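Raw coords14.cif, mmCIF, C-alpha atoms and all ligand atoms:
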data_protein
loop_
_atom_site.label_atom_id
_atom_site.label_comp_id
_atom_site.auth_asym_id
_atom_site.auth_seq_id
_atom_site.Cartn_x
_atom_site.Cartn_y
_atom_site.Cartn_z
CA MET A 154 195.74 -24.51 258.73
CA LYS A 155 192.66 -22.36 259.45
CA TRP A 156 189.49 -24.28 260.25
CA LYS A 157 186.15 -24.22 262.05
CA LYS A 158 184.28 -27.20 263.41
CA ILE A 159 180.48 -27.19 263.18
CA GLY A 160 179.01 -30.33 264.75
CA ASN A 161 181.08 -33.13 263.24
CA ILE A 162 181.97 -31.26 260.06
CA LEU A 163 185.22 -29.38 259.51
CA ILE A 164 185.19 -26.20 257.41
CA LEU A 165 188.57 -25.27 255.96
CA ASP A 166 189.59 -21.77 254.96
CA LYS A 167 188.56 -21.17 251.34
CA ASN A 168 191.76 -19.38 250.40
CA ASN A 169 194.16 -22.18 251.25
CA ASN A 170 195.33 -25.01 249.05
CA TYR A 171 195.42 -28.37 250.74
CA ASN A 172 197.25 -31.57 250.27
CA TYR A 173 194.21 -33.69 249.49
CA ASN A 174 196.07 -36.88 250.43
CA ASN A 175 196.01 -35.76 254.08
CA LEU A 176 192.31 -35.20 254.39
CA LYS A 177 191.49 -38.59 255.87
CA GLN A 178 194.08 -38.04 258.62
CA ILE A 179 192.77 -34.52 259.25
CA ALA A 180 189.22 -35.91 259.54
CA GLN A 181 190.37 -38.56 262.02
CA LYS A 182 192.39 -36.08 264.07
CA HIS A 183 189.40 -33.71 264.42
CA HIS A 184 186.82 -36.50 264.82
CA VAL A 185 184.74 -35.31 261.86
CA LYS A 186 182.88 -37.24 259.14
CA THR A 187 183.10 -34.58 256.43
CA ILE A 188 185.45 -31.76 255.41
CA ILE A 189 184.19 -28.86 253.29
CA LYS A 190 185.14 -25.43 251.98
CA ILE A 191 182.53 -22.67 251.72
CA ASN A 192 183.22 -20.64 248.61
CA LYS A 193 180.38 -18.13 248.85
CA ILE A 194 177.13 -17.33 250.65
CA HIS A 195 174.52 -16.37 248.04
CA GLY A 196 171.77 -13.78 248.07
CA ASN A 197 169.15 -12.72 250.58
CA LYS A 198 168.42 -16.33 251.57
CA ARG A 199 172.09 -16.71 252.62
CA GLN A 200 172.58 -20.00 250.76
CA PRO A 201 176.11 -21.41 250.85
CA GLN A 202 177.99 -22.67 247.84
CA ILE A 203 180.27 -25.39 249.18
CA GLN A 204 182.88 -27.83 247.98
CA ILE A 205 183.07 -31.23 249.70
CA LEU A 206 186.72 -32.20 250.20
CA TYR A 207 186.24 -35.37 252.22
CA GLY A 208 183.24 -37.57 253.13
CA GLU A 209 179.74 -36.86 251.85
CA ASP A 210 177.21 -36.08 254.57
CA THR A 211 176.76 -32.32 255.15
CA GLN A 212 174.01 -32.53 257.77
CA THR A 213 175.07 -32.27 261.40
CA ILE A 214 173.98 -31.23 264.89
CA HIS A 215 176.00 -28.37 266.34
CA LYS A 216 175.98 -27.64 270.07
CA GLU A 217 176.44 -24.05 271.27
CA ASN A 218 175.56 -22.35 274.56
CA LYS A 219 173.61 -25.46 275.67
CA CYS A 220 171.45 -25.35 272.51
CA LEU A 221 171.28 -27.93 269.71
CA PHE A 222 171.21 -26.75 266.10
CA LYS A 223 170.56 -29.29 263.35
CA LEU A 224 171.53 -27.97 259.94
CA ASP A 225 172.82 -28.93 256.54
CA LEU A 226 175.89 -26.86 255.71
CA SER A 227 175.25 -27.29 251.99
CA GLN A 228 171.89 -25.50 252.44
CA VAL A 229 172.15 -23.02 255.31
CA MET A 230 174.87 -20.89 256.83
CA TRP A 231 176.42 -20.89 260.28
CA SER A 232 178.39 -17.91 261.55
CA LYS A 233 180.79 -18.76 264.39
CA GLY A 234 181.50 -15.05 264.83
CA ASN A 235 177.94 -14.51 266.14
CA THR A 236 178.24 -16.95 269.08
CA ASN A 237 178.47 -14.28 271.80
CA GLU A 238 175.69 -12.20 270.26
CA ARG A 239 173.36 -15.23 270.23
CA LEU A 240 173.87 -15.64 273.98
CA ARG A 241 173.85 -11.88 274.76
CA ILE A 242 170.37 -11.47 273.29
CA ALA A 243 169.02 -14.48 275.19
CA GLN A 244 170.31 -12.94 278.44
CA LEU A 245 168.49 -9.63 277.79
CA VAL A 246 165.03 -11.18 277.48
CA LYS A 247 162.68 -10.64 280.43
CA ASP A 248 159.94 -12.99 281.59
CA ASN A 249 156.74 -13.01 279.50
CA GLU A 250 158.02 -10.85 276.65
CA THR A 251 156.60 -11.34 273.18
CA ILE A 252 159.37 -11.44 270.60
CA ILE A 253 159.54 -11.28 266.82
CA ASP A 254 162.63 -12.82 265.23
CA MET A 255 162.35 -11.30 261.74
CA PHE A 256 165.20 -13.24 260.07
CA ALA A 257 165.01 -16.41 262.11
CA GLY A 258 167.05 -18.80 259.95
CA ILE A 259 167.35 -22.18 261.68
CA GLY A 260 166.67 -20.49 265.03
CA TYR A 261 170.05 -18.78 265.59
CA PHE A 262 168.48 -16.36 268.11
CA SER A 263 165.05 -17.91 268.75
CA ILE A 264 166.43 -21.20 270.11
CA PRO A 265 168.89 -19.66 272.65
CA ILE A 266 166.15 -17.24 273.81
CA ALA A 267 163.69 -20.10 274.35
CA VAL A 268 166.35 -22.23 276.09
CA HIS A 269 167.83 -19.55 278.38
CA ALA A 270 164.91 -17.14 278.98
CA ASN A 271 161.20 -17.31 279.65
CA PRO A 272 159.34 -15.34 276.96
CA GLN A 273 155.63 -15.75 276.41
CA LYS A 274 155.98 -16.25 272.65
CA ILE A 275 158.59 -15.95 269.91
CA HIS A 276 157.26 -15.42 266.38
CA SER A 277 160.13 -16.68 264.22
CA ILE A 278 159.87 -15.68 260.56
CA GLU A 279 162.06 -17.23 257.88
CA ILE A 280 161.85 -16.92 254.09
CA ASN A 281 164.12 -19.81 253.07
CA PRO A 282 162.20 -23.16 253.10
CA ASN A 283 165.40 -25.11 253.87
CA SER A 284 166.16 -22.97 256.93
CA TYR A 285 162.50 -23.09 257.97
CA LYS A 286 162.59 -26.90 257.87
CA TYR A 287 165.56 -26.90 260.29
CA LEU A 288 163.96 -24.20 262.45
CA LYS A 289 161.03 -26.58 263.01
CA GLU A 290 163.39 -29.51 263.66
CA ASN A 291 165.40 -27.46 266.14
CA ILE A 292 162.26 -26.47 268.05
CA LYS A 293 161.57 -30.21 268.54
CA LEU A 294 165.19 -31.11 269.23
CA ASN A 295 165.40 -28.55 272.05
CA LYS A 296 161.90 -29.45 273.36
CA ILE A 297 160.58 -25.90 272.98
CA ASN A 298 156.88 -25.01 273.09
CA ASN A 299 156.78 -21.20 272.82
CA ILE A 300 158.19 -20.63 269.32
CA ASN A 301 155.75 -19.98 266.48
CA PRO A 302 157.69 -20.77 263.26
CA ILE A 303 156.40 -18.94 260.19
CA LEU A 304 157.54 -19.44 256.60
CA GLY A 305 157.47 -16.18 254.65
CA ASP A 306 158.71 -12.64 254.14
CA CYS A 307 159.02 -10.74 257.42
CA LYS A 308 158.00 -7.51 255.68
CA GLU A 309 154.55 -9.01 255.10
CA ILE A 310 154.23 -11.07 258.27
CA THR A 311 155.61 -8.77 260.98
CA PRO A 312 152.65 -6.29 260.73
CA HIS A 313 150.31 -9.08 261.92
CA TYR A 314 152.03 -9.13 265.34
CA LYS A 315 153.06 -6.78 268.15
CA ALA A 316 156.17 -7.41 270.24
CA ASP A 317 158.25 -6.15 273.15
CA ARG A 318 161.48 -7.07 271.37
CA ILE A 319 162.27 -7.47 267.69
CA ILE A 320 165.45 -9.10 266.43
CA MET A 321 166.72 -7.95 263.04
CA GLY A 322 169.60 -10.41 262.65
CA TYR A 323 170.34 -9.85 258.99
CA ILE A 324 172.85 -7.67 257.18
CA LYS A 325 173.24 -5.60 254.01
CA THR A 326 169.63 -4.43 253.47
CA THR A 327 168.28 -4.58 257.04
CA HIS A 328 167.51 -0.84 257.03
CA HIS A 329 164.74 -1.50 254.49
CA TYR A 330 162.91 -3.37 257.27
CA LEU A 331 163.27 -0.76 260.05
CA LYS A 332 159.91 0.92 259.50
CA THR A 333 158.10 -2.44 259.54
CA ALA A 334 159.87 -3.47 262.76
CA ILE A 335 159.29 -0.21 264.64
CA ASN A 336 155.58 -0.16 263.66
CA SER A 337 155.16 -3.55 265.37
CA LEU A 338 156.94 -2.57 268.60
CA ASN A 339 154.96 -2.18 271.82
CA LYS A 340 155.54 0.88 274.01
CA ASN A 341 159.05 0.67 275.55
CA GLY A 342 159.89 -2.10 273.09
CA THR A 343 163.43 -2.75 271.87
CA ILE A 344 164.87 -3.55 268.44
CA HIS A 345 168.21 -5.22 267.85
CA TYR A 346 169.19 -3.77 264.51
CA HIS A 347 172.13 -5.34 262.63
CA GLU A 348 174.10 -3.82 259.80
CA THR A 349 177.52 -3.94 258.18
CA ALA A 350 179.09 -0.49 258.37
CA PRO A 351 182.41 1.11 257.47
CA GLU A 352 184.21 2.02 260.70
CA LYS A 353 184.05 5.78 260.08
CA LEU A 354 180.24 5.64 259.67
CA ILE A 355 179.69 3.96 263.07
CA PRO A 356 177.40 4.98 264.68
CA THR A 357 176.20 7.88 262.48
CA ARG A 358 174.84 5.93 259.51
CA PRO A 359 172.84 3.31 261.45
CA LEU A 360 171.50 5.98 263.84
CA ASN A 361 170.38 8.17 260.95
CA ARG A 362 168.71 5.20 259.30
CA ILE A 363 166.73 4.52 262.50
CA LYS A 364 165.78 8.22 262.87
CA LYS A 365 164.59 8.38 259.25
CA SER A 366 162.32 5.35 259.73
CA THR A 367 160.09 6.70 262.49
CA ASN A 368 158.65 9.68 264.35
CA ARG A 369 158.77 7.73 267.61
CA LYS A 370 161.28 8.83 270.23
CA PHE A 371 163.97 6.29 271.06
CA LYS A 372 167.05 5.86 273.18
CA ILE A 373 170.12 3.82 272.35
CA LEU A 374 170.80 1.14 274.93
CA ASN A 375 173.90 -0.34 273.32
CA ILE A 376 176.05 -0.21 270.19
CA GLN A 377 178.32 -3.15 269.65
CA LYS A 378 180.75 -4.49 267.08
CA ILE A 379 179.98 -8.19 266.59
CA LYS A 380 182.84 -9.00 264.25
CA LYS A 381 185.02 -7.71 261.45
CA TYR A 382 183.11 -8.39 258.22
CA SER A 383 185.72 -7.36 255.64
CA PRO A 384 188.63 -4.89 255.64
CA GLY A 385 187.39 -1.68 257.33
CA ILE A 386 183.80 -2.98 257.61
CA TYR A 387 182.20 -4.20 260.84
CA HIS A 388 179.08 -6.22 261.53
CA ILE A 389 177.43 -4.18 264.30
CA VAL A 390 174.25 -4.34 266.34
CA ILE A 391 172.33 -1.44 267.85
CA ASP A 392 169.84 -1.95 270.69
CA ALA A 393 167.27 0.87 270.57
CA GLN A 394 164.28 1.29 272.88
CA PHE A 395 161.20 3.19 271.65
CA ASP A 396 158.68 5.30 273.60
C1 LIG B 401 171.39 -16.51 258.08
S1 LIG B 401 170.50 -15.50 259.16
C2 LIG B 401 171.76 -14.49 259.82
C3 LIG B 401 172.68 -15.21 260.75
C4 LIG B 401 172.33 -15.13 262.21
N1 LIG B 401 172.12 -13.76 262.64
C5 LIG B 401 173.37 -15.81 263.12
O1 LIG B 401 173.38 -15.58 264.33
O2 LIG B 401 174.21 -16.59 262.63
C6 LIG B 401 169.52 -14.50 258.15
C7 LIG B 401 168.27 -15.22 257.66
O3 LIG B 401 167.32 -14.26 257.20
C8 LIG B 401 166.53 -14.87 256.19
N2 LIG B 401 165.84 -13.80 255.45
C9 LIG B 401 166.32 -12.94 254.52
N3 LIG B 401 165.36 -12.09 254.09
C10 LIG B 401 164.23 -12.42 254.77
C11 LIG B 401 162.91 -11.88 254.79
N4 LIG B 401 162.56 -10.85 254.01
N5 LIG B 401 162.00 -12.44 255.63
C12 LIG B 401 162.34 -13.48 256.44
N6 LIG B 401 163.58 -14.04 256.46
C13 LIG B 401 164.52 -13.51 255.64
C14 LIG B 401 167.56 -15.65 255.38
O4 LIG B 401 166.95 -16.67 254.63
C15 LIG B 401 168.48 -16.18 256.51
O5 LIG B 401 168.10 -17.47 256.91
#

Hey, can you dump this file as structure tokens for me?
Ligand SMILES: C[S@@+](CC[C@H](N)C(=O)[O-])C[C@H]1O[C@@H](n2cnc3c(N)ncnc32)[C@H](O)[C@@H]1O
Amino acid sequence: MKWKKIGNILILDKNNNYNYNNLKQIAQKHHVKTIIKINKIHGNKRQPQIQILYGEDTQTIHKENKCLFKLDLSQVMWSKGNTNERLRIAQLVKDNETIIDMFAGIGYFSIPIAVHANPQKIHSIEINPNSYKYLKENIKLNKINNINPILGDCKEITPHYKADRIIMGYIKTTHHYLKTAINSLNKNGTIHYHETAPEKLIPTRPLNRIKKSTNRKFKILNIQKIKKYSPGIYHIVIDAQFD
């Protein structure tokens, strides 16, 4: 049986059929209150469509890398495959940086940065009101005082700020936001640009997309596969520093 545990909720693989009579025993064995399947993640707001197999409560607190994340799995997504990336970014942040987290969600990157590093400010922008609600709760839960949570579209809000580091932790259409991000970067600032790319187009396609978005000179600090997204397609992140 394939499964993931988020807080005290078990997520079973959507492609398997289960013996529903066993679910109570499975819940007891894994010490969870609820068991769900996630059938799909919808649209740009990344809203899950779930099926509850056992129990009823879909809100939980998940602990990862010494951070607490409160979330409702019927409203917002959680990607276990991004665990290392969430910590990697936090470890790159230098003291007193200003950061923009363009696709902040419930604080996937903002919270670990605030917990493990010492930035001056993190402007965390999120378009989905449900995720924004949990972003604010997670700021309180982790006793953080340097995150500025903002509800809205990062394309409109990012130009109001300047930053030393901009996190673009979103996939599929992230390249449409490159120009906006680079225009808000301070001298020597870094973007962490995510995309899903077919293996044979790594790194040419993302690099060309960055080049096309700006006249500023940049150097690539790192190119990394985060996880396999679908057959032949990888979720990757590029760290690029701009003059
Ligand atoms: C779910 S996160 C990606 C997962 C995350 N990188 C992780 O570590 O698990 C992406 C977030 O971007 C938000 N989003 C999408 N378009 C946006 C926009 N234009 N402005 C601000 N937030 C946006 C979505 O609502 C979603 O919460």

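As for CA of Asn291 (chain A) and CA of Val246 (chain A), they are spaced 19.8 Å apart.
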
Find, counting only C-alpha atoms, the residue in A:Gly234, A:Gly258, A:Gly342, A:Gly208 that gets nearest to Lys177 (chain A).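 Once distances to Lys177 (chain A) are computed over only C-alpha atoms, the minimum belongs to A:Gly208.
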
Hey, what's within 7 Å of region 261-275 of chain A if we count all atoms listed in the file and toss same-chain stuff fewer than 5 positions away? As a PyMOL selection string, please? chain A and resi 220+239-240+243-244+246-254+297+299-301

Pick from A:Arg199, A:Arg318, A:Lys216, A:Lys325, whichever lies nearest to ligand LIG 401 (chain B) using only C-alpha atoms and all ligand atoms: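 Of all the options, A:Arg199 lies closest to ligand LIG 401 (chain B).
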
Given a cut-off of 7 Å, what residues near ligand LIG 401 (chain B) show up using all atoms listed in the file, put as a short mmCIF file (atom, residue, chain, number, x, y, z; two decimals) with C-alpha atoms, keeping the file's coordinate frame?
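Listing of pocket.cif after writing:
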data_model
loop_
_atom_site.label_atom_id
_atom_site.label_comp_id
_atom_site.auth_asym_id
_atom_site.auth_seq_id
_atom_site.Cartn_x
_atom_site.Cartn_y
_atom_site.Cartn_z
CA ASN A 197 169.15 -12.72 250.58
CA LYS A 198 168.42 -16.33 251.57
CA ARG A 199 172.09 -16.71 252.62
CA MET A 230 174.87 -20.89 256.83
CA TRP A 231 176.42 -20.89 260.28
CA SER A 232 178.39 -17.91 261.55
CA ASN A 235 177.94 -14.51 266.14
CA THR A 236 178.24 -16.95 269.08
CA ARG A 239 173.36 -15.23 270.23
CA MET A 255 162.35 -11.30 261.74
CA PHE A 256 165.20 -13.24 260.07
CA ALA A 257 165.01 -16.41 262.11
CA GLY A 258 167.05 -18.80 259.95
CA ILE A 259 167.35 -22.18 261.68
CA TYR A 261 170.05 -18.78 265.59
CA PHE A 262 168.48 -16.36 268.11
CA ILE A 278 159.87 -15.68 260.56
CA GLU A 279 162.06 -17.23 257.88
CA ILE A 280 161.85 -16.92 254.09
CA ASN A 281 164.12 -19.81 253.07
CA SER A 284 166.16 -22.97 256.93
CA GLY A 305 157.47 -16.18 254.65
CA ASP A 306 158.71 -12.64 254.14
CA CYS A 307 159.02 -10.74 257.42
CA LYS A 308 158.00 -7.51 255.68
CA GLY A 322 169.60 -10.41 262.65
CA TYR A 323 170.34 -9.85 258.99
#

Between CA of Thr327 (chain A) and CA of Lys365 (chain A), what is the distance in Å, rounded to a tenth?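 Distance reported for this atom pair: 13.7 Å.
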
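Here CA of Asn339 (chain A) is placed at a distance of 5.3 Å from CA of Asp317 (chain A).
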
Residue list as a PDB file with C-alpha atoms, in the coordinates of the input for point (179.5, -6.8, 264.6), cut-off 6 Å, only C-alpha atoms:
ATOM      1  CA  LYS A 378     180.750  -4.490 267.080  1.00  0.00           C
ATOM      2  CA  ILE A 379     179.980  -8.190 266.590  1.00  0.00           C
ATOM      3  CA  LYS A 380     182.840  -9.000 264.250  1.00  0.00           C
ATOM      4  CA  TYR A 387     182.200  -4.200 260.840  1.00  0.00           C
ATOM      5  CA  HIS A 388     179.080  -6.220 261.530  1.00  0.00           C
ATOM      6  CA  ILE A 389     177.430  -4.180 264.300  1.00  0.00           C
TER       7      ILE A 389
END

Exercise: residues within 12 Å of coordinate (183.8, -33.6, 264.1), counting all atoms listed in the file, as a list in words: Trp156, Lys157, Lys158, Ile159, Gly160, Asn161, Ile162, Leu163, Ile164, Ile179, Ala180, Gln181, Lys182, His183, His184, Val185, Lys186, Thr187, Ile188, Ile189, Gly208, Asp210, Thr211, Gln212, Thr213, Ile214, His215 and Lys216 of chain A

For Val229 (chain A), the nearest of the candidates A:Tyr207, A:Phe371, A:Tyr285, A:Tyr171, counting all atoms listed in the file: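 Closest residue, counting all atoms listed in the file: A:Tyr285.
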
Nearest to Leu360 (chain A) among A:Leu288, A:Leu206, A:Leu226, A:Ala393, with distances taken over all atoms listed in the file: which residue is it?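 Under the stated criterion, the closest residue is A:Ala393.
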